[in-house]
Amino acid sequence: MTAEQQTATVRRFNRAYTQRIGALEDSFLGMGLPLPAIRLMFEIGSRPGTVRDLRARLGLDSGYLSRLLRRLESDGLVTVAPDPADRRRRVATLTGRGRERWNELEARSEERARTLIDPLTPRQRTRLTAALAEADLLVRAATVTLAETDPAEPEARAAVQRYFDEMHRRFGFDSSGEDIKDAAMLCPPDGAFIVAVSDGEPVACGGLQTIAPGIGEIKRMWVDETWRGAGLGSRVLRDLEKRAAALGHHTLRLDTNETLAEAIAMYERAGYQRVARYNDNPFATDFFERPLF
């Protein structure tokens, strides 16, 4: 399939789906509000947070988000007030009436989804569910943003903690004092730390440090379990390789544990070759290297 055919397929699906879910209606699902306002109300009711969180999760311009919030406030569905923990931030919450409308939205959304799949056979429903799950993962992967971040920032620390937790779960990794190493080694001018964010949440990360003149090392490579299979790990790895080349490195190394079979497979696909042990990491069993040019 050519690139033109691929984009045509995506556009055809977008046209059909937006019509069938009611996205073109002024009153989405008969709720008396357009889709953007309904989507915002759903997000507030599902995952309460600050206005800044909402803007990050939904990818909305701050001015447009403010207008939507004022619309919901004027309808008595939402209140926006200073955050008691930090009055510089504002928190949006549903009112009692807003929660009633949220429950109604859930019921109508469930009914619309049921109406869409009712005409299908059980086999067709299974195929559709699998296809939509795959499409959802890939579309979200395509819209993930990668950003260089200070390892000491809350977003980076959250990602690394999830990495530590998984490594401990899988092979008993002890992270004592490791975050201090991150802060010292994974920062410019000799290193970098990348966080991948979707809907305002970290879903992958990876770091780069310099271990010798011209030699860099990949560290803290992690992808959220629900995101695996979407190529996000490879994307983070490629980003780190470009940064390593920009730092003047001619070689990249990494170590890993034999239990992380999926990570080892990704490194091998990316051209990393097994080498002899090059460090004293007691949790590492497999060592890899790749020339950058």
# chains A, B, ... in the order shown; residues from 1 in each chain; ligands from 1
>>> select_by_dssp(residues="stretch 30-73 of chain A", states="helix (DSSP H, G or I)", output="PyMOL selection string")
chain A and resi 30+35-46+51-58+62-73
>>> select_by_dssp(residues="stretch 24-268 of chain A", states="strand (DSSP E or B)", output="ChimeraX atom specification")
/A:49-50,78-83,86-94,145-148,192-198,201-212,215-223,251-256
>>> closest_residue(among="A:Ala265, A:Glu289, A:Asp136, A:Asn281", to="A:Ile218", atoms="only C-alpha atoms")
A:Glu289
>>> closest_atom_pairs(of="stretch 61-138 of chain A", to="stretch 36-51 of chain A", cutoff="6 Å", atoms="only C-alpha atoms", output="CSV")
residue,atom,partner,partner_atom,distance
A:Leu68,CA,A:Ala37,CA,5.8
A:Arg90,CA,A:Thr50,CA,5.5
A:Val91,CA,A:Thr50,CA,4.2
>>> atom_distance(atom1="atom CA of A:Thr93", atom2="atom CA of A:Thr79")
5.5 Å
>>> atom_distance(atom1="atom CA of A:Ala16", atom2="atom CA of A:Arg127")
18.0 Å
>>> residues_around(residues="A:Val78", least_positions_apart="4", cutoff="10 Å", atoms="only C-alpha atoms", output="list in words")
Met41, Ile44, Gly45, Leu69, Arg70, Arg71, Leu72, Glu73, Ser74, Ala92, Thr93, Leu94, Thr95, Gly96, Arg97, Gly98 and Arg99 of chain A
>>> residues_around(residues="stretch 237-242 of chain A", least_positions_apart="6", cutoff="12 Å", atoms="only C-alpha atoms", output="ChimeraX atom specification")
/A:145-148,186,191-196,204-209,215-223,231,248-254,263,266-267,269-272,289-293
>>> atom_distance(atom1="atom CA of A:Ser234", atom2="atom CA of A:Gly177")
27.7 Å
>>> residues_around(residues="A:Phe28", least_positions_apart="5", cutoff="12 Å", atoms="only C-alpha atoms", output="JSON, numbers by chain")
{"A": [18, 19, 20, 21, 22, 23, 33, 34, 35, 36, 37, 38, 39, 105, 108, 109, 112]}
>>> write_last_selection(atoms="N, CA, C and O atoms", output="mmCIF file, in the first residue's frame")
data_model
loop_
_atom_site.group_PDB
_atom_site.id
_atom_site.type_symbol
_atom_site.label_atom_id
_atom_site.label_comp_id
_atom_site.auth_asym_id
_atom_site.auth_seq_id
_atom_site.Cartn_x
_atom_site.Cartn_y
_atom_site.Cartn_z
ATOM 1 N N THR A 18 -16.512 9.638 12.679
ATOM 2 C CA THR A 18 -17.013 10.865 13.305
ATOM 3 C C THR A 18 -18.508 11.042 13.058
ATOM 4 O O THR A 18 -19.229 11.533 13.933
ATOM 5 N N GLN A 19 -18.988 10.611 11.893
ATOM 6 C CA GLN A 19 -20.421 10.701 11.622
ATOM 7 C C GLN A 19 -21.204 9.727 12.505
ATOM 8 O O GLN A 19 -22.221 10.092 13.107
ATOM 9 N N ARG A 20 -20.709 8.507 12.633
ATOM 10 C CA ARG A 20 -21.464 7.476 13.338
ATOM 11 C C ARG A 20 -21.471 7.641 14.850
ATOM 12 O O ARG A 20 -22.373 7.170 15.522
ATOM 13 N N ILE A 21 -20.466 8.312 15.407
ATOM 14 C CA ILE A 21 -20.478 8.516 16.861
ATOM 15 C C ILE A 21 -21.153 9.826 17.246
ATOM 16 O O ILE A 21 -21.261 10.144 18.429
ATOM 17 N N GLY A 22 -21.575 10.599 16.244
ATOM 18 C CA GLY A 22 -22.280 11.832 16.547
ATOM 19 C C GLY A 22 -21.398 13.040 16.757
ATOM 20 O O GLY A 22 -21.842 14.060 17.291
ATOM 21 N N ALA A 23 -20.134 12.961 16.326
ATOM 22 C CA ALA A 23 -19.210 14.079 16.537
ATOM 23 C C ALA A 23 -19.602 15.317 15.732
ATOM 24 O O ALA A 23 -19.172 16.426 16.053
ATOM 25 N N LEU A 33 -24.670 19.801 24.613
ATOM 26 C CA LEU A 33 -23.342 20.404 24.500
ATOM 27 C C LEU A 33 -22.617 19.794 23.305
ATOM 28 O O LEU A 33 -22.825 18.625 22.969
ATOM 29 N N PRO A 34 -21.727 20.566 22.644
ATOM 30 C CA PRO A 34 -20.944 20.001 21.550
ATOM 31 C C PRO A 34 -19.875 19.044 22.086
ATOM 32 O O PRO A 34 -19.563 19.030 23.282
ATOM 33 N N LEU A 35 -19.313 18.256 21.179
ATOM 34 C CA LEU A 35 -18.338 17.240 21.566
ATOM 35 C C LEU A 35 -17.164 17.785 22.388
ATOM 36 O O LEU A 35 -16.789 17.165 23.392
ATOM 37 N N PRO A 36 -16.531 18.923 22.023
ATOM 38 C CA PRO A 36 -15.383 19.386 22.828
ATOM 39 C C PRO A 36 -15.728 19.608 24.300
ATOM 40 O O PRO A 36 -14.961 19.214 25.190
ATOM 41 N N ALA A 37 -16.864 20.221 24.575
ATOM 42 C CA ALA A 37 -17.262 20.464 25.964
ATOM 43 C C ALA A 37 -17.580 19.159 26.679
ATOM 44 O O ALA A 37 -17.232 18.971 27.853
ATOM 45 N N ILE A 38 -18.247 18.244 25.968
ATOM 46 C CA ILE A 38 -18.565 16.945 26.557
ATOM 47 C C ILE A 38 -17.285 16.167 26.859
ATOM 48 O O ILE A 38 -17.150 15.535 27.920
ATOM 49 N N ARG A 39 -16.324 16.226 25.931
ATOM 50 C CA ARG A 39 -15.049 15.516 26.140
ATOM 51 C C ARG A 39 -14.323 16.065 27.365
ATOM 52 O O ARG A 39 -13.747 15.307 28.155
ATOM 53 N N LEU A 105 -23.945 10.735 30.574
ATOM 54 C CA LEU A 105 -23.050 10.621 29.418
ATOM 55 C C LEU A 105 -22.509 9.211 29.289
ATOM 56 O O LEU A 105 -22.462 8.644 28.187
ATOM 57 N N ARG A 108 -25.284 6.967 27.907
ATOM 58 C CA ARG A 108 -25.571 7.199 26.481
ATOM 59 C C ARG A 108 -24.409 6.749 25.603
ATOM 60 O O ARG A 108 -24.626 6.238 24.488
ATOM 61 N N SER A 109 -23.170 6.933 26.064
ATOM 62 C CA SER A 109 -22.009 6.486 25.295
ATOM 63 C C SER A 109 -22.006 4.968 25.172
ATOM 64 O O SER A 109 -21.696 4.411 24.116
ATOM 65 N N ARG A 112 -24.619 4.055 22.617
ATOM 66 C CA ARG A 112 -24.190 4.328 21.239
ATOM 67 C C ARG A 112 -23.206 3.264 20.763
ATOM 68 O O ARG A 112 -23.300 2.796 19.621
#
